[in-house]
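Participant: If you scroll down you'll find the structure; I have some questions about it.
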Amino acid sequence: MPPGGGGPMKDCEYSQISTHSSSPMESPHKKKKIAARRKWEVFPGRNKFFCNGRIMMARQTGVFYLTLVLILVTSGLFFAFDCPYLAVKITPAIPVVGGILFFFVMGTLLRTSFSDPGVLPRATPDEAADLERQIDIANGTSSGGYRPPPRTKEVIINGQTVKLKYCFTCKIFRPPRASHCSLCDNCVERFDHHCPWVGNCVGKRNYRFFYMFILSLSFLTVFIFAFVITHVILRSQQAGFLNALKDSPASVLEAVVCFFSVWSIVGLSGFHTYLISSNQTTNEDIKGSWSNKRGKENYNPYSYGNIFTNCCVALCGPISPSLIDRRGYIQPDTPQPAAPSNGMAAYGATQSQSDMCDQDQCIQSTKFVLQAAATPLLQSEPSLTSDELHLPGKPGLGTPCASLTLGPPTPPSSMPNLAAEAALTDILPLKDEHVGHQFLTPDEAPSPPTMLAGSPLAHSRTMHVLGLASQDSLHEDSVRGLVKLSSV
Amino acid sequence: MVHNLQELRRSASLATKVFIQRDYSDGTICQFQTKFPPELDSRIERQLFEETVKTLNSFYAEAEKIGGSSYLEGCLACATAYFIFLCMETHYEKVLKKISRYIQEQNEKVFAPRGLLLTDPVERGMRVIEISIYEDRCSSGSSSSGSSSGSGSSSGGGGGAGGR
């Protein structure tokens with residue numbers, strides 16, 4: 001056994017273990033400082049988080065505020081100026097119904113805007129390496145210097161052939177109906193579209209909220225428009241048209257806003273009603289993926305066959321919980337697994353276990369990707385450890401591993417690396433302005449090229465360092481089981 | 001405690017990970033392939049593995065089941081403008097908790113004694129079931145990846161090549 005090979009490897013481990021178990025004064029503080037960070041703070045997509053990770057939106061939220069203002073102002077004017085007259089003249093049910101509609105619109109709007117649309121977390125380095133290996137085997141080529149052809153996998157769903165595309169940014173094969181949103185830089189399940197009006201993507205988890213929002217908004221718009229007109233007509237019967245307008249100038253503004261909104265909102269509701277009844281997404285409809293006529297070759301494999309079932313499933317089906325666990329801590333600092341917001345009790349157990357070994361696996365994966373034998377790997381280890389020393393505060397093993405696992409330069413499909421860098425440098429000054437809104441930490445920003453692959457890796461590395469001391473009984477039992485195995 | 005663990009960790013190391021991919025043949029419902037991966041051939045019996053995956057698939061089917069109770073939940077939520085989600089846990093979340101308990105139990109009883117560890121798919125974005133294969137480290141930690149490139153089955157025997 002070459003000491004050269006064993007040495008750096010042991011040094012690697014020792015340095016990790018020692019950083020953790022070094023002075024007891026230091027480590028709890030450091031542990032506390034690192035452990036206090038939640039996952040949303042290191043989220044790789046381009047999202048904004050508020051209320052400590054509870055609220056998740058896209059980066060551009062200007063139009064969302066416009067939507068809010070329009071709805072609030074119009075409704076406010078209606079309740080303030082038109083409702084008193086109408087409640088007396090016609091019936092007090094008008095403000096009540098209006099109030100219910102308004103409440104419903106705001107509730108669904110906020111739900112659509114603030115919830116996770118169904119973002120798929122990016123692949124862990126092990127997963128990515130495993131996929132790369134399988135693709136290379138399938139292609140029969142070694143990772144050369146040129147970019148390999150786009151990777152697709154075919155799957156037969158209900159008799160229909162569907163192509164699954166490989167996402168270069170997220171390093172996964174996208175599930176059927178998923179798509180990568182270039183604005184948010186995330187793969188979203190059952191991606192419908194990115195809606196600037198709600199400031200978020202519309203996907204599997206928030207499609208029903210979006211639909212209820214536009215539906216209730218159409219009712220509200222029509223409601224307000226109708227009663228504003230009624231109000232003006234009633235007043236002009238008493239005092240003449242011009243006087244009526246002078247008496248309630250707000251009605252004019254409301255009528256104008258409603259008039260222009262009605263066409264688009266009602267039209268959109270109708271369109272989405274059609275989509276729901278045929279179980280398609282906006283994305284699929286625009287691309288013309290499925291033909292409507294029965295008996296044709298490219299029928300929709302996801303449709304349940306009848307309109308009623310399709311509607312029920314889309315609106316009343318089960319909601320899958322968020323897969324990105326925004327409010328979970330990056331590393332629980334107690335031995336017991338901390339209960340994350342999504343109620344995944346065993347999270348701490350398996351996560352710390354698997355991530356502690358990520359460093360070993362990273363080397364393993366690197367080896368697979370480079371298709372190297374043992375010796376080149378052992379030679380590469382000294383360089384890895386020296387990198388580790390060079391990057392302060394951030395384990396250097398992450399960066400070389402990330403660049404190695406990327407293999408041939410494969411820019412993400414959403415944008416070339418240069419633009420990614422530019423976008424990230426744009427983010428940096430933004431961060432200074434928006435003090436309360438953290439979507440990139442200074443730790444992650446300095447390495448733009450590896451950001452996309454590096455941050456999950458650095459992320460797992462951070463967990464690796466911390467995971468060494470925070471154990472739970474399951475992990476101990478598992479490892480004891482393994483020790484028993486070794487003693488056989 | 002930490003000291004103990006270091007010793008334990010030194011005697012068992014991660015050899016490789018196997019990923020069980022999703023099975024999309026029935027649409028977008030959550031299902032994993034029951035195909036037995038060759039790397040696990042020497043580690044666990046095919047029956048046990050398939051049974052675990054099938055049980056997981058049935059749990060996910062239960063979570064995503066479209067029927068009376070899910071419609072009721074959906075309608076109630078809609079009627080309250082979805083404010084009810086602020087205080088209530090959805091059926092899906094309840095089943096996910098059941099699943100993580102099941103996985104923990106399987107790890108303790110079936111997988112860890114065989115040197116394997118299942119990771120809950122929910123931590124991998126419901127894309128894969130990650131099975132970590134461990135092997136014991138006979139002597140000091142020269143890279144366990146050393147000679148066992150890709151062939152996980154060779155990691156079964158701890159002795160292996162002289163590189164260990």
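Chain lettering (A, B, ...) mirrors the order of the structure tokens, residue numbering begins at 1 for each chain separately, and ligand numbering begins at 1 in order of display.
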DSSP says strand (DSSP E) for which residues of range 87-176 of chain A? Put them as a PyMOL selection string?

Facilitator: chain A and resi 119-120+152-157+160-167+172-173

Participant: Grab the residues selected above and save them as a PDB file, in the first residue's frame with N, CA and C atoms.

Facilitator:
ATOM      1  N   VAL A 119     -40.637  23.284  -7.670  1.00  0.00           N
ATOM      2  CA  VAL A 119     -39.246  23.316  -8.119  1.00  0.00           C
ATOM      3  C   VAL A 119     -38.577  21.992  -7.801  1.00  0.00           C
ATOM      4  N   LEU A 120     -37.849  21.475  -8.768  1.00  0.00           N
ATOM      5  CA  LEU A 120     -37.087  20.254  -8.545  1.00  0.00           C
ATOM      6  C   LEU A 120     -35.701  20.637  -8.053  1.00  0.00           C
ATOM      7  N   THR A 152     -31.152  12.802 -24.386  1.00  0.00           N
ATOM      8  CA  THR A 152     -32.574  12.539 -24.202  1.00  0.00           C
ATOM      9  C   THR A 152     -32.758  11.078 -23.852  1.00  0.00           C
ATOM     10  N   LYS A 153     -33.868  10.815 -23.207  1.00  0.00           N
ATOM     11  CA  LYS A 153     -34.209   9.457 -22.830  1.00  0.00           C
ATOM     12  C   LYS A 153     -35.653   9.274 -23.254  1.00  0.00           C
ATOM     13  N   GLU A 154     -35.961   8.133 -23.830  1.00  0.00           N
ATOM     14  CA  GLU A 154     -37.349   7.938 -24.244  1.00  0.00           C
ATOM     15  C   GLU A 154     -38.062   7.027 -23.281  1.00  0.00           C
ATOM     16  N   VAL A 155     -39.312   7.363 -23.069  1.00  0.00           N
ATOM     17  CA  VAL A 155     -40.118   6.622 -22.106  1.00  0.00           C
ATOM     18  C   VAL A 155     -41.492   6.445 -22.733  1.00  0.00           C
ATOM     19  N   ILE A 156     -42.106   5.314 -22.439  1.00  0.00           N
ATOM     20  CA  ILE A 156     -43.436   5.097 -23.014  1.00  0.00           C
ATOM     21  C   ILE A 156     -44.466   5.280 -21.918  1.00  0.00           C
ATOM     22  N   ILE A 157     -45.306   6.269 -22.088  1.00  0.00           N
ATOM     23  CA  ILE A 157     -46.327   6.561 -21.083  1.00  0.00           C
ATOM     24  C   ILE A 157     -47.678   6.316 -21.713  1.00  0.00           C
ATOM     25  N   GLN A 160     -47.774   6.173 -25.350  1.00  0.00           N
ATOM     26  CA  GLN A 160     -47.246   7.300 -26.127  1.00  0.00           C
ATOM     27  C   GLN A 160     -45.766   7.455 -25.818  1.00  0.00           C
ATOM     28  N   THR A 161     -44.948   7.675 -26.845  1.00  0.00           N
ATOM     29  CA  THR A 161     -43.517   7.849 -26.605  1.00  0.00           C
ATOM     30  C   THR A 161     -43.242   9.288 -26.209  1.00  0.00           C
ATOM     31  N   VAL A 162     -42.623   9.453 -25.055  1.00  0.00           N
ATOM     32  CA  VAL A 162     -42.318  10.797 -24.565  1.00  0.00           C
ATOM     33  C   VAL A 162     -40.813  10.907 -24.390  1.00  0.00           C
ATOM     34  N   LYS A 163     -40.258  12.036 -24.808  1.00  0.00           N
ATOM     35  CA  LYS A 163     -38.805  12.216 -24.688  1.00  0.00           C
ATOM     36  C   LYS A 163     -38.516  12.997 -23.407  1.00  0.00           C
ATOM     37  N   LEU A 164     -37.641  12.443 -22.586  1.00  0.00           N
ATOM     38  CA  LEU A 164     -37.215  13.167 -21.400  1.00  0.00           C
ATOM     39  C   LEU A 164     -35.893  13.846 -21.726  1.00  0.00           C
ATOM     40  N   LYS A 165     -35.833  15.134 -21.451  1.00  0.00           N
ATOM     41  CA  LYS A 165     -34.605  15.845 -21.794  1.00  0.00           C
ATOM     42  C   LYS A 165     -33.711  15.968 -20.575  1.00  0.00           C
ATOM     43  N   TYR A 166     -32.427  16.040 -20.838  1.00  0.00           N
ATOM     44  CA  TYR A 166     -31.472  16.228 -19.755  1.00  0.00           C
ATOM     45  C   TYR A 166     -31.273  17.722 -19.540  1.00  0.00           C
ATOM     46  N   CYS A 167     -31.362  18.128 -18.298  1.00  0.00           N
ATOM     47  CA  CYS A 167     -31.180  19.550 -17.997  1.00  0.00           C
ATOM     48  C   CYS A 167     -29.729  19.769 -17.585  1.00  0.00           C
ATOM     49  N   ILE A 172     -30.189  16.811 -14.256  1.00  0.00           N
ATOM     50  CA  ILE A 172     -31.130  15.715 -14.100  1.00  0.00           C
ATOM     51  C   ILE A 172     -31.833  15.489 -15.428  1.00  0.00           C
ATOM     52  N   PHE A 173     -32.423  14.317 -15.544  1.00  0.00           N
ATOM     53  CA  PHE A 173     -33.349  14.104 -16.635  1.00  0.00           C
ATOM     54  C   PHE A 173     -34.694  14.622 -16.145  1.00  0.00           C
TER      55      PHE A 173
END

Participant: List every residue of range 158-254 of chain A that DSSP, applied to the backbone of this structure, places in helix (DSSP H, G or I), and write the result as a ChimeraX atom specification.

Facilitator: /A:207-239,241-247,249-254

Participant: Please provide the set of residues having any atom within 8 Å of Lys17 in chain B, restricted to only C-alpha atoms, with same-chain residues fewer than 4 positions apart removed, written as number ranges by chain.

Facilitator: A: 126, 361; B: 130-133

Participant: Could you please determine the separation between CA of Pro37 in chain B and CA of Tyr134 in chain B in Å, to one decimal place?

Facilitator: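 The value is 15.6 Å.
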
Participant: If we count only C-alpha atoms, what is near Asp120 in chain B at a cut-off of 7 Å, once residues fewer than 3 positions away on the same chain are taken out, given as a PyMOL selection string?

Facilitator: chain B and resi 100+103+123+129

Participant: What separation in Å, quoted to one decimal, exists between CA of Glu132 in chain A and CA of Asn186 in chain A?

Facilitator: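 CA of Glu132 in chain A sits 19.9 Å away from CA of Asn186 in chain A.
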
Participant: Skipping near chain neighbours, those fewer than 6 positions away, what residues fall within 9 Å of Val95 in chain B using only C-alpha atoms, listed as a list in words?

Facilitator: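 Those residues are Phe59, Tyr60, Glu62 and Ala63 of chain B.
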
Participant: Kindly export the residues of the current selection with N, CA and C atoms, as a CSV table (one decimal), in the first residue's frame.

Facilitator:
chain,number,residue,atom,x,y,z
B,59,PHE,N,-47.0,3.1,-1.1
B,59,PHE,CA,-47.1,4.3,-0.3
B,59,PHE,C,-47.4,5.5,-1.1
B,60,TYR,N,-46.5,5.7,-2.1
B,60,TYR,CA,-46.7,6.9,-3.0
B,60,TYR,C,-48.0,6.9,-3.7
B,62,GLU,N,-50.7,5.6,-2.6
B,62,GLU,CA,-51.7,6.0,-1.6
B,62,GLU,C,-51.7,7.5,-1.4
B,63,ALA,N,-50.5,8.1,-1.4
B,63,ALA,CA,-50.4,9.5,-1.2
B,63,ALA,C,-51.1,10.3,-2.4

Participant: Find the residue from A:Phe209, A:Phe223, A:Tyr274, A:Tyr65 that sits nearest to chain B; use only C-alpha atoms when measuring.

Facilitator: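 Among the listed residues, the smallest separation from chain B belongs to A:Phe209.
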
Participant: Tell me, as a PyMOL selection string, which residues lie within 8 Å of Ala178 in chain A, counting only C-alpha atoms; anything in the same chain fewer than 3 positions away does not count.

Facilitator: chain A and resi 174-175+187-191

Participant: Include all heavy atoms and write out the residues we just selected as a PDB file, in the first residue's frame.

Facilitator:
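What follows is the written file result-v6.pdb:
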ATOM      1  N   ARG A 174     -35.229  15.573 -16.859  1.00  0.00           N
ATOM      2  CA  ARG A 174     -36.475  16.166 -16.385  1.00  0.00           C
ATOM      3  C   ARG A 174     -37.592  15.150 -16.454  1.00  0.00           C
ATOM      4  O   ARG A 174     -37.773  14.486 -17.471  1.00  0.00           O
ATOM      5  CB  ARG A 174     -36.869  17.341 -17.270  1.00  0.00           C
ATOM      6  CG  ARG A 174     -36.058  18.556 -17.015  1.00  0.00           C
ATOM      7  CD  ARG A 174     -36.544  19.706 -17.855  1.00  0.00           C
ATOM      8  NE  ARG A 174     -35.389  20.517 -18.197  1.00  0.00           N
ATOM      9  CZ  ARG A 174     -35.070  20.912 -19.396  1.00  0.00           C
ATOM     10  NH1 ARG A 174     -35.834  20.606 -20.419  1.00  0.00           N
ATOM     11  NH2 ARG A 174     -33.996  21.628 -19.603  1.00  0.00           N
ATOM     12  N   PRO A 175     -38.397  15.058 -15.411  1.00  0.00           N
ATOM     13  CA  PRO A 175     -39.567  14.186 -15.476  1.00  0.00           C
ATOM     14  C   PRO A 175     -40.493  14.671 -16.590  1.00  0.00           C
ATOM     15  O   PRO A 175     -40.387  15.813 -17.017  1.00  0.00           O
ATOM     16  CB  PRO A 175     -40.237  14.371 -14.108  1.00  0.00           C
ATOM     17  CG  PRO A 175     -39.273  15.082 -13.275  1.00  0.00           C
ATOM     18  CD  PRO A 175     -38.276  15.746 -14.150  1.00  0.00           C
ATOM     19  N   CYS A 187     -35.770  23.924 -12.588  1.00  0.00           N
ATOM     20  CA  CYS A 187     -36.672  23.001 -13.269  1.00  0.00           C
ATOM     21  C   CYS A 187     -37.935  22.942 -12.421  1.00  0.00           C
ATOM     22  O   CYS A 187     -37.874  22.808 -11.198  1.00  0.00           O
ATOM     23  CB  CYS A 187     -36.049  21.602 -13.360  1.00  0.00           C
ATOM     24  SG  CYS A 187     -35.072  21.355 -14.843  1.00  0.00           S
ATOM     25  N   VAL A 188     -39.070  23.056 -13.076  1.00  0.00           N
ATOM     26  CA  VAL A 188     -40.344  23.072 -12.364  1.00  0.00           C
ATOM     27  C   VAL A 188     -41.191  21.926 -12.887  1.00  0.00           C
ATOM     28  O   VAL A 188     -41.284  21.704 -14.095  1.00  0.00           O
ATOM     29  CB  VAL A 188     -41.078  24.416 -12.605  1.00  0.00           C
ATOM     30  CG1 VAL A 188     -42.422  24.412 -11.924  1.00  0.00           C
ATOM     31  CG2 VAL A 188     -40.241  25.567 -12.109  1.00  0.00           C
ATOM     32  N   GLU A 189     -41.815  21.208 -11.947  1.00  0.00           N
ATOM     33  CA  GLU A 189     -42.653  20.086 -12.350  1.00  0.00           C
ATOM     34  C   GLU A 189     -43.948  20.577 -12.951  1.00  0.00           C
ATOM     35  O   GLU A 189     -44.553  21.522 -12.445  1.00  0.00           O
ATOM     36  CB  GLU A 189     -42.981  19.248 -11.112  1.00  0.00           C
ATOM     37  CG  GLU A 189     -41.928  18.227 -10.792  1.00  0.00           C
ATOM     38  CD  GLU A 189     -42.377  17.298  -9.690  1.00  0.00           C
ATOM     39  OE1 GLU A 189     -42.435  17.759  -8.540  1.00  0.00           O
ATOM     40  OE2 GLU A 189     -42.686  16.141  -9.981  1.00  0.00           O
ATOM     41  N   ARG A 190     -44.402  19.893 -13.985  1.00  0.00           N
ATOM     42  CA  ARG A 190     -45.627  20.256 -14.680  1.00  0.00           C
ATOM     43  C   ARG A 190     -45.648  21.770 -14.941  1.00  0.00           C
ATOM     44  O   ARG A 190     -46.581  22.462 -14.578  1.00  0.00           O
ATOM     45  CB  ARG A 190     -46.854  19.825 -13.879  1.00  0.00           C
ATOM     46  CG  ARG A 190     -48.090  19.674 -14.765  1.00  0.00           C
ATOM     47  CD  ARG A 190     -49.339  19.482 -13.939  1.00  0.00           C
ATOM     48  NE  ARG A 190     -50.520  19.286 -14.755  1.00  0.00           N
ATOM     49  CZ  ARG A 190     -51.246  20.260 -15.305  1.00  0.00           C
ATOM     50  NH1 ARG A 190     -50.889  21.513 -15.141  1.00  0.00           N
ATOM     51  NH2 ARG A 190     -52.312  19.995 -16.017  1.00  0.00           N
ATOM     52  N   PHE A 191     -44.589  22.220 -15.592  1.00  0.00           N
ATOM     53  CA  PHE A 191     -44.410  23.646 -15.795  1.00  0.00           C
ATOM     54  C   PHE A 191     -45.472  24.204 -16.730  1.00  0.00           C
ATOM     55  O   PHE A 191     -45.637  23.728 -17.848  1.00  0.00           O
ATOM     56  CB  PHE A 191     -43.016  23.888 -16.374  1.00  0.00           C
ATOM     57  CG  PHE A 191     -42.701  25.326 -16.625  1.00  0.00           C
ATOM     58  CD1 PHE A 191     -42.457  26.179 -15.578  1.00  0.00           C
ATOM     59  CD2 PHE A 191     -42.645  25.815 -17.920  1.00  0.00           C
ATOM     60  CE1 PHE A 191     -42.153  27.507 -15.799  1.00  0.00           C
ATOM     61  CE2 PHE A 191     -42.340  27.148 -18.144  1.00  0.00           C
ATOM     62  CZ  PHE A 191     -42.095  27.995 -17.086  1.00  0.00           C
TER      63      PHE A 191
END
